[in-house]
$ cat model.cif   # mmCIF, C-alpha atoms
data_model
#
loop_
_atom_site.label_atom_id
_atom_site.label_comp_id
_atom_site.auth_asym_id
_atom_site.auth_seq_id
_atom_site.Cartn_x
_atom_site.Cartn_y
_atom_site.Cartn_z
CA MET K 179 5.19 11.35 20.83
CA ARG K 180 1.79 9.74 21.25
CA TRP K 181 2.25 7.23 18.49
CA ARG K 182 1.40 3.78 19.83
CA GLN K 183 -2.27 3.79 18.88
CA GLY K 184 -1.63 5.24 15.45
CA ARG K 185 -2.30 3.51 12.15
CA ARG K 186 0.60 1.52 10.67
CA SER K 187 1.40 2.17 7.04
CA SER K 188 1.33 -0.77 4.64
CA ASN K 189 3.95 0.98 2.50
CA VAL K 190 6.94 -0.24 4.52
CA GLU K 191 9.23 -2.66 2.71
CA ASP K 192 11.43 -4.50 5.21
CA ARG K 193 14.74 -5.64 3.72
CA ARG K 194 16.56 -5.94 7.03
CA GLY K 195 18.49 -9.15 7.33
CA GLU K 196 18.94 -9.49 3.59
CA LYS K 197 22.46 -10.12 2.35
CA SER K 198 24.18 -6.82 1.58
CA PRO K 199 24.23 -6.21 -2.18
CA GLY K 200 27.67 -6.57 -3.72
CA GLY K 201 29.59 -4.18 -5.92
CA GLY K 202 30.42 -0.55 -5.53
CA GLY K 203 33.13 -1.09 -2.92
CA GLY K 204 31.20 0.93 -0.36
CA MET K 205 30.91 3.87 -2.73
CA GLY K 206 27.19 3.51 -3.32
CA GLY K 207 25.70 4.72 -6.60
CA LEU K 208 28.93 6.55 -7.41
CA GLY K 209 30.73 3.23 -7.83
CA ASN K 210 28.15 2.13 -10.38
CA LEU K 211 28.58 5.38 -12.32
CA LEU K 212 32.34 4.99 -12.46
CA ALA K 213 31.95 1.46 -13.80
CA LEU K 214 29.69 2.69 -16.60
CA ALA K 215 31.74 5.76 -17.47
CA PRO K 216 34.24 4.19 -19.95
CA PHE K 217 31.36 2.91 -22.09
CA LEU K 218 29.19 6.00 -21.91
CA LEU K 219 31.98 8.43 -22.75
CA ARG K 220 32.44 6.94 -26.21
CA SER K 221 29.56 8.93 -27.68
CA LYS K 222 27.81 12.26 -27.28
CA LYS K 223 24.64 10.47 -26.29
CA GLY K 224 26.60 8.52 -23.70
CA TRP K 225 27.85 11.78 -22.23
CA LEU K 226 24.27 12.95 -21.79
CA ILE K 227 23.27 9.68 -20.14
CA LEU K 228 26.24 9.89 -17.79
CA LEU K 229 25.35 13.46 -16.83
CA ALA K 230 21.74 12.49 -16.18
CA LEU K 231 22.74 9.50 -14.04
CA GLY K 232 25.28 11.60 -12.21
CA ALA K 233 22.69 14.23 -11.43
CA LEU K 234 20.32 11.56 -10.12
CA TYR K 235 23.02 10.19 -7.81
CA TYR K 236 24.26 13.62 -6.72
CA PHE K 237 20.72 14.90 -6.33
CA GLY K 238 19.52 12.11 -4.05
CA GLY K 239 17.79 13.55 -0.98
CA ASN K 240 19.96 12.20 1.82
CA LEU K 241 19.73 13.99 5.14
CA PHE K 242 23.50 14.01 5.63
CA SER K 243 26.51 11.74 5.29
CA GLY K 244 27.61 10.30 8.62
CA MET K 245 29.06 7.17 10.15
CA PRO K 246 26.70 4.21 10.53
CA SER K 247 26.16 2.78 13.99
CA THR K 248 26.14 -0.90 14.85
CA GLU K 249 24.14 -0.40 18.05
CA SER K 250 20.47 -1.33 18.23
CA PRO K 251 18.36 1.84 18.21
CA SER K 252 15.95 2.57 21.01
CA LEU K 253 13.09 4.99 21.51
CA GLY K 254 14.41 5.77 24.97
CA PRO K 255 14.78 4.26 28.44
CA ASP K 256 11.12 4.87 29.31
CA ALA K 257 9.70 3.46 26.08
CA GLN K 258 7.12 0.71 26.48
CA THR K 259 6.66 -2.18 24.12
CA ALA K 260 4.45 -1.33 21.18
CA PRO K 261 1.16 -3.22 20.88
CA GLY K 262 1.67 -6.54 19.14
CA THR K 263 5.47 -6.54 19.59
CA GLU K 264 5.78 -8.09 23.07
CA GLY K 265 9.14 -9.82 23.30
CA ALA K 266 10.42 -8.19 20.15
CA GLY K 267 13.75 -6.40 20.05
CA ALA K 268 14.36 -2.68 20.01
CA ASP K 269 14.68 -2.69 16.22
CA ASP K 270 11.13 -4.03 15.88
CA GLU K 271 9.71 -1.36 18.15
CA VAL K 272 11.43 1.36 16.15
CA ALA K 273 10.16 -0.25 12.92
CA GLN K 274 6.63 -0.02 14.32
CA PHE K 275 7.26 3.64 15.12
CA VAL K 276 8.47 4.28 11.56
CA ALA K 277 5.32 2.67 10.15
CA VAL K 278 3.11 4.92 12.30
CA VAL K 279 4.97 8.10 11.36
CA LEU K 280 4.86 7.15 7.67
CA ALA K 281 1.12 6.54 7.91
CA ASP K 282 0.64 9.93 9.52
CA THR K 283 2.55 11.66 6.70
CA GLU K 284 0.23 9.84 4.29
CA ASP K 285 -2.80 11.26 6.09
CA THR K 286 -1.33 14.76 6.14
CA TRP K 287 -0.22 14.95 2.53
CA GLY K 288 -3.28 13.09 1.31
CA GLY K 289 -5.44 15.82 2.80
CA ILE K 290 -3.27 18.66 1.49
CA PHE K 291 -3.23 17.26 -2.05
CA GLN K 292 -6.98 16.64 -1.94
CA GLN K 293 -7.63 20.24 -0.95
CA ALA K 294 -5.51 21.31 -3.91
CA GLY K 295 -7.63 19.17 -6.26
CA SER K 296 -5.12 16.37 -6.82
CA GLN K 297 -4.32 12.94 -5.44
CA TYR K 298 -1.33 12.05 -3.29
CA THR K 299 0.62 8.92 -4.14
CA PRO K 300 2.59 7.92 -1.02
CA PRO K 301 6.16 6.66 -1.24
CA LYS K 302 7.36 3.25 -0.15
CA LEU K 303 9.77 3.26 2.79
CA VAL K 304 12.51 0.63 2.69
CA LEU K 305 14.12 -0.53 5.92
CA TYR K 306 17.58 -1.99 5.37
CA THR K 307 20.78 -2.87 7.19
CA ASP K 308 24.27 -1.70 6.19
CA ALA K 309 23.73 -1.33 2.44
CA VAL K 310 20.92 -1.24 -0.09
CA ARG K 311 20.41 -1.12 -3.84
CA SER K 312 17.91 1.38 -5.23
CA ALA K 313 17.17 3.01 -8.57
CA CYS K 314 19.82 5.56 -7.52
CA GLY K 315 22.50 2.86 -7.22
CA LEU K 316 24.16 1.00 -4.38
CA SER K 317 24.30 2.96 -1.11
CA SER K 318 25.71 2.18 2.31
CA ALA K 319 24.20 3.27 5.60
CA ALA K 320 26.95 5.91 5.76
CA VAL K 321 24.95 8.18 3.43
CA GLY K 322 22.17 8.42 6.01
CA PRO K 323 18.44 8.28 5.19
CA PHE K 324 17.70 9.23 1.59
CA TYR K 325 14.95 9.51 -0.97
CA CYS K 326 15.44 8.12 -4.47
CA PRO K 327 13.25 9.86 -7.07
CA GLY K 328 13.96 7.07 -9.57
CA ASP K 329 11.81 4.56 -7.67
CA GLN K 330 9.96 6.99 -5.38
CA LYS K 331 11.16 5.26 -2.22
CA VAL K 332 12.60 6.44 1.09
CA TYR K 333 15.54 4.35 2.36
CA LEU K 334 16.27 4.11 6.07
CA ASP K 335 18.73 2.18 8.22
CA LEU K 336 17.33 2.24 11.76
CA SER K 337 20.83 2.68 13.20
CA PHE K 338 20.58 6.33 12.14
CA MET K 339 18.57 6.93 15.28
CA ASN K 340 21.77 6.37 17.25
CA GLU K 341 23.60 8.83 15.00
CA LEU K 342 21.10 11.50 15.96
CA LYS K 343 21.86 10.81 19.62
CA LYS K 344 25.58 11.20 18.94
CA LEU K 345 24.85 14.52 17.26
CA GLY K 346 22.99 15.72 20.34
CA ALA K 347 19.48 15.20 18.98
CA PRO K 348 17.92 12.20 20.77
CA GLY K 349 14.22 11.47 20.99
CA ASP K 350 11.41 9.86 19.03
CA PHE K 351 10.27 13.11 17.45
CA ALA K 352 13.81 13.85 16.23
CA PHE K 353 13.64 10.58 14.30
CA ALA K 354 10.13 11.41 13.09
CA TYR K 355 11.50 14.68 11.69
CA VAL K 356 14.04 12.69 9.67
CA ILE K 357 11.29 10.53 8.15
CA ALA K 358 9.09 13.54 7.42
CA HIS K 359 12.02 15.34 5.77
CA GLU K 360 12.58 12.45 3.35
CA VAL K 361 8.84 12.27 2.63
CA GLY K 362 9.13 16.01 1.90
CA HIS K 363 11.51 15.13 -0.93
CA HIS K 364 8.85 12.78 -2.29
CA VAL K 365 6.32 15.61 -2.22
CA GLN K 366 8.78 17.80 -4.14
CA ASN K 367 9.15 15.02 -6.69
CA LEU K 368 5.38 14.78 -7.16
CA GLN K 369 5.16 18.56 -7.52
CA GLY K 370 7.79 18.58 -10.26
CA ILE K 371 10.11 20.75 -8.16
CA SER K 372 12.84 18.12 -7.93
CA GLU K 373 13.10 17.71 -11.70
CA LYS K 374 13.34 21.46 -12.28
CA VAL K 375 16.07 21.82 -9.68
CA GLN K 376 17.93 18.83 -11.10
CA GLN K 377 17.94 20.36 -14.57
CA ALA K 378 19.08 23.73 -13.23
CA ARG K 379 21.90 22.15 -11.23
CA MET K 380 23.20 20.27 -14.26
CA GLN K 381 23.68 23.58 -16.08
CA ALA K 382 25.08 25.54 -13.13
CA ASP K 383 28.54 26.00 -11.64
CA LYS K 384 29.35 24.17 -8.41
CA VAL K 385 28.55 27.05 -6.04
CA THR K 386 25.21 27.74 -7.70
CA SER K 387 24.43 24.04 -7.79
CA ASN K 388 25.11 23.81 -4.07
CA ARG K 389 22.82 26.78 -3.39
CA LEU K 390 20.00 25.13 -5.32
CA SER K 391 20.54 21.97 -3.30
CA VAL K 392 20.31 23.98 -0.07
CA MET K 393 17.01 25.53 -1.17
CA LEU K 394 15.63 22.08 -1.99
CA GLU K 395 16.70 20.62 1.37
CA LEU K 396 15.35 23.56 3.36
CA GLN K 397 12.01 23.24 1.61
CA ALA K 398 11.92 19.56 2.64
CA ASP K 399 12.59 20.73 6.22
CA CYS K 400 9.67 23.13 5.92
CA TYR K 401 7.46 20.36 4.58
CA ALA K 402 8.46 18.25 7.60
CA GLY K 403 7.26 21.14 9.77
CA VAL K 404 3.95 21.23 7.88
CA TRP K 405 3.45 17.55 8.66
CA ALA K 406 4.20 18.25 12.35
CA PHE K 407 1.57 21.02 12.36
CA TYR K 408 -1.19 18.65 11.24
CA ALA K 409 0.04 15.75 13.38
CA HIS K 410 -0.29 18.05 16.38
CA ARG K 411 -3.47 19.93 15.50
CA ASP K 412 -5.54 17.12 14.01
CA ARG K 413 -4.25 13.99 15.76
CA ASN K 414 -2.69 15.28 18.99
CA MET K 415 0.46 13.20 18.44
CA LEU K 416 2.95 15.71 19.82
CA GLU K 417 3.91 15.95 23.46
CA PRO K 418 5.64 18.80 25.32
CA GLY K 419 9.23 19.03 24.18
CA ASP K 420 8.70 17.31 20.82
CA ILE K 421 9.09 20.42 18.70
CA GLU K 422 12.26 21.27 20.59
CA GLU K 423 13.52 17.80 19.67
CA GLY K 424 12.73 18.49 16.03
CA LEU K 425 14.49 21.84 16.10
CA ARG K 426 17.56 20.28 17.70
CA ALA K 427 17.59 17.54 15.09
CA ALA K 428 17.27 20.04 12.23
CA ALA K 429 20.15 22.09 13.66
CA ALA K 430 22.26 18.99 14.35
CA VAL K 431 22.36 18.05 10.66
CA GLY K 432 23.19 21.58 9.52
CA ASP K 433 26.19 21.74 7.19
CA ASP K 434 28.14 24.10 9.47
CA HIS K 435 27.62 21.80 12.46
CA LEU K 436 28.73 18.74 10.50
CA GLN K 437 31.76 20.54 9.05
CA ARG K 438 32.92 21.56 12.52
CA ARG K 439 32.28 18.06 13.83
CA ALA K 440 34.49 16.70 11.06
CA GLY K 441 37.26 19.12 12.04
CA ARG K 442 36.87 21.27 8.94
CA ALA K 443 36.50 25.01 8.59
CA VAL K 444 32.98 26.21 7.89
CA SER K 445 32.58 26.86 4.15
CA PRO K 446 29.12 28.23 3.19
CA ASP K 447 29.82 27.78 -0.53
CA ALA K 448 30.15 24.05 0.12
CA PHE K 449 26.82 23.79 1.93
CA THR K 450 24.39 21.40 0.24
CA HIS K 451 21.70 21.17 2.95
CA GLY K 452 21.80 24.48 4.80
CA SER K 453 23.21 25.79 8.07
CA ALA K 454 21.93 24.70 11.47
CA GLU K 455 20.12 28.02 11.84
CA GLN K 456 18.50 27.75 8.40
CA ARG K 457 17.33 24.19 8.92
CA ALA K 458 15.76 24.94 12.29
CA TYR K 459 14.17 28.13 10.92
CA TRP K 460 12.49 26.43 7.96
CA PHE K 461 11.28 23.47 10.01
CA ASN K 462 9.69 25.94 12.42
CA GLN K 463 8.28 27.92 9.49
CA GLY K 464 6.34 24.87 8.39
CA PHE K 465 5.22 23.97 11.89
CA SER K 466 4.13 27.47 12.88
CA THR K 467 2.10 28.09 9.71
CA GLY K 468 1.01 24.66 8.47
CA ASP K 469 1.03 26.29 5.03
CA VAL K 470 2.86 24.68 2.12
CA ASN K 471 2.83 28.02 0.34
CA LYS K 472 5.05 29.43 3.09
CA CYS K 473 7.75 26.92 2.18
CA ASN K 474 8.99 28.62 -0.99
CA THR K 475 12.67 28.63 -0.06
CA PHE K 476 13.62 29.33 -3.68
CA ALA K 477 11.93 32.72 -3.64
CA ALA K 478 13.07 33.53 -0.11
CA LEU K 479 16.73 32.67 -0.65
CA SER K 480 17.32 33.48 -4.33
CA GLY K 481 18.48 37.02 -3.55
CA GLN K 482 20.96 35.98 -0.88
#
$ encode --input "model.cif" --output "structure tokens"
Amino acid sequence: MRWRQGRRSSNVEDRRGEKSPGGGGGMGGLGNLLALAPFLLRSKKGWLILLALGALYYFGGNLFSGMPSTESPSLGPDAQTAPGTEGAGADDEVAQFVAVVLADTEDTWGGIFQQAGSQYTPPKLVLYTDAVRSACGLSSAAVGPFYCPGDQKVYLDLSFMNELKKLGAPGDFAFAYVIAHEVGHHVQNLQGISEKVQQARMQADKVTSNRLSVMLELQADCYAGVWAFYAHRDRNMLEPGDIEEGLRAAAAVGDDHLQRRAGRAVSPDAFTHGSAEQRAYWFNQGFSTGDVNKCNTFAALSGQ
């Protein structure tokens, strides 16, 4: 990607190096829910609160659950030091890259919202190491990048870049896709889509709830493709091979791919993010059209 001369977003909140928040025993927001459960179950109102909190935790837009890496991420063997970071470590260069990609999503969605007669409010992006506390609870890096609608922030441990490499999806644009996907969840939240899906999932059986989750995730993939369309057309950020990187990354985090990698049989009813084929298809749908209206996964998949 041609990113080094791009604008850096001021909406990056760097919590790297902070002491890992305690509690939760590595279970993230789920541990907090379990601690509250005995008190909330004493009343009907408490039941409703527990269900709402549970939906918020379960609904959180994480790309996938994987194993965190302790290696320092790198943009590749040929990467040069970003302007203003001479002598800095690999983590700092990747942090600069994240800030540029986030800024570019701000430019893209700001323009799209303006054309629609509204104003885009960008999310904050929190960089952290190992574990982080958000409005969605305590989460470890094992959950992967995620968006929390409760505080409208994207959470990212930079070691996830190494996880993409392990999954067969290396490259700077593969990581940019991840960021754009999580920003896509923020767009869904602003549009009111996330809340509607959350309410529907709370009233649905597990299989139907999973299908709704898949539709939501695939739409975020499509939104990531829409960002890529404008980044390429308007700002010439993409280089040859970048879209292929994005497609590989989308496929690499498909539920079927991750189930096989974990040694489990492929179970479509258990999908929560979509198959490798679906994720690559919807990312390409956004990139090839640049049209948010072509990202209605709910209409496209409701009959399947």
$ atom_distance --input "model.cif" --atom1 "atom CA of K:Leu479" --atom2 "atom CA of K:Leu394"
10.7 Å
$ closest_residue --input "model.cif" --among "K:His410, K:His451, K:His364, K:Arg442" --to "K:Ala429" --atoms "only C-alpha atoms"
K:His451
$ atom_distance --input "model.cif" --atom1 "atom CA of K:Leu280" --atom2 "atom CA of K:Ala319"
19.8 Å
$ atom_distance --input "model.cif" --atom1 "atom CA of K:Gly370" --atom2 "atom CA of K:Ala382"
18.9 Å
$ residues_around --input "model.cif" --residues "K:Val444" --least-positions-apart "2" --cutoff "12 Å" --atoms "only C-alpha atoms" --output "list in words"
Gly432, Asp433, Asp434, His435, Leu436, Gln437, Arg438, Arg439, Ala440, Gly441, Arg442, Pro446, Asp447, Ala448, Phe449, Gly452, Ser453 and Ala454 of chain K
$ resolve_selection --input "model.cif" --expression "the PyMOL selection byres ((chain K and resi 416-428) around 6)" --output "number ranges by chain"
K: 179, 347, 351-352, 355, 410, 414-415, 429-431, 457-458
$ write_last_selection --input "model.cif" --atoms "C-alpha atoms" --output "tab-separated table (two decimals), in the frame of the given file"
chain	number	residue	atom	x	y	z
K	179	MET	CA	5.19	11.35	20.83
K	347	ALA	CA	19.48	15.20	18.98
K	351	PHE	CA	10.27	13.11	17.45
K	352	ALA	CA	13.81	13.85	16.23
K	355	TYR	CA	11.50	14.68	11.69
K	410	HIS	CA	-0.29	18.05	16.38
K	414	ASN	CA	-2.69	15.28	18.99
K	415	MET	CA	0.46	13.20	18.44
K	429	ALA	CA	20.15	22.09	13.66
K	430	ALA	CA	22.26	18.99	14.35
K	431	VAL	CA	22.36	18.05	10.66
K	457	ARG	CA	17.33	24.19	8.92
K	458	ALA	CA	15.76	24.94	12.29
$ closest_residue --input "model.cif" --among "K:Asp285, K:Asp399, K:Asp308, K:Glu360" --to "K:Arg413" --atoms "all atoms listed in the file"
K:Asp285
$ closest_residue --input "model.cif" --among "K:Gly468, K:Pro348, K:Gly184, K:Pro327" --to "K:Gln274" --atoms "all atoms listed in the file"
K:Gly184
$ residues_around --input "model.cif" --residues "K:Gln463" --least-positions-apart "2" --cutoff "8 Å" --atoms "all atoms listed in the file" --output "list in words"
Cys400, Gly403, Tyr459, Trp460, Phe461, Phe465, Ser466, Thr467, Lys472 and Cys473 of chain K
$ closest_residue --input "model.cif" --among "K:Gly295, K:Gly464, K:Gly322, K:Pro301" --to "K:Ala402" --atoms "all atoms listed in the file"
K:Gly464
$ closest_residue --input "model.cif" --among "K:Arg182, K:Met339, K:Val365, K:Ala398" --to "K:Tyr298" --atoms "all atoms listed in the file"
K:Val365
$ resolve_selection --input "model.cif" --expression "the PyMOL selection byres ((chain K and resi 336) around 8)" --output "short mmCIF file (atom, residue, chain, number, x, y, z; two decimals) with C-alpha atoms, keeping the file's coordinate frame"
data_model
loop_
_atom_site.label_atom_id
_atom_site.label_comp_id
_atom_site.auth_asym_id
_atom_site.auth_seq_id
_atom_site.Cartn_x
_atom_site.Cartn_y
_atom_site.Cartn_z
CA PRO K 251 18.36 1.84 18.21
CA ASP K 269 14.68 -2.69 16.22
CA VAL K 272 11.43 1.36 16.15
CA ALA K 273 10.16 -0.25 12.92
CA LEU K 305 14.12 -0.53 5.92
CA TYR K 306 17.58 -1.99 5.37
CA THR K 307 20.78 -2.87 7.19
CA LEU K 334 16.27 4.11 6.07
CA ASP K 335 18.73 2.18 8.22
CA SER K 337 20.83 2.68 13.20
CA PHE K 338 20.58 6.33 12.14
CA MET K 339 18.57 6.93 15.28
#
$ resolve_selection --input "model.cif" --expression "the PyMOL selection byres ((chain K and resi 388) around 9)" --output "list in words"
Arg379, Asp383, Lys384, Val385, Thr386, Ser387, Arg389, Leu390, Ser391, Val392, Met393, Asp447, Ala448, Phe449, Thr450 and His451 of chain K
$ closest_residue --input "model.cif" --among "K:Ala281, K:Val356, K:Gln369, K:Asp270" --to "K:Gln297" --atoms "only C-alpha atoms"
K:Gln369
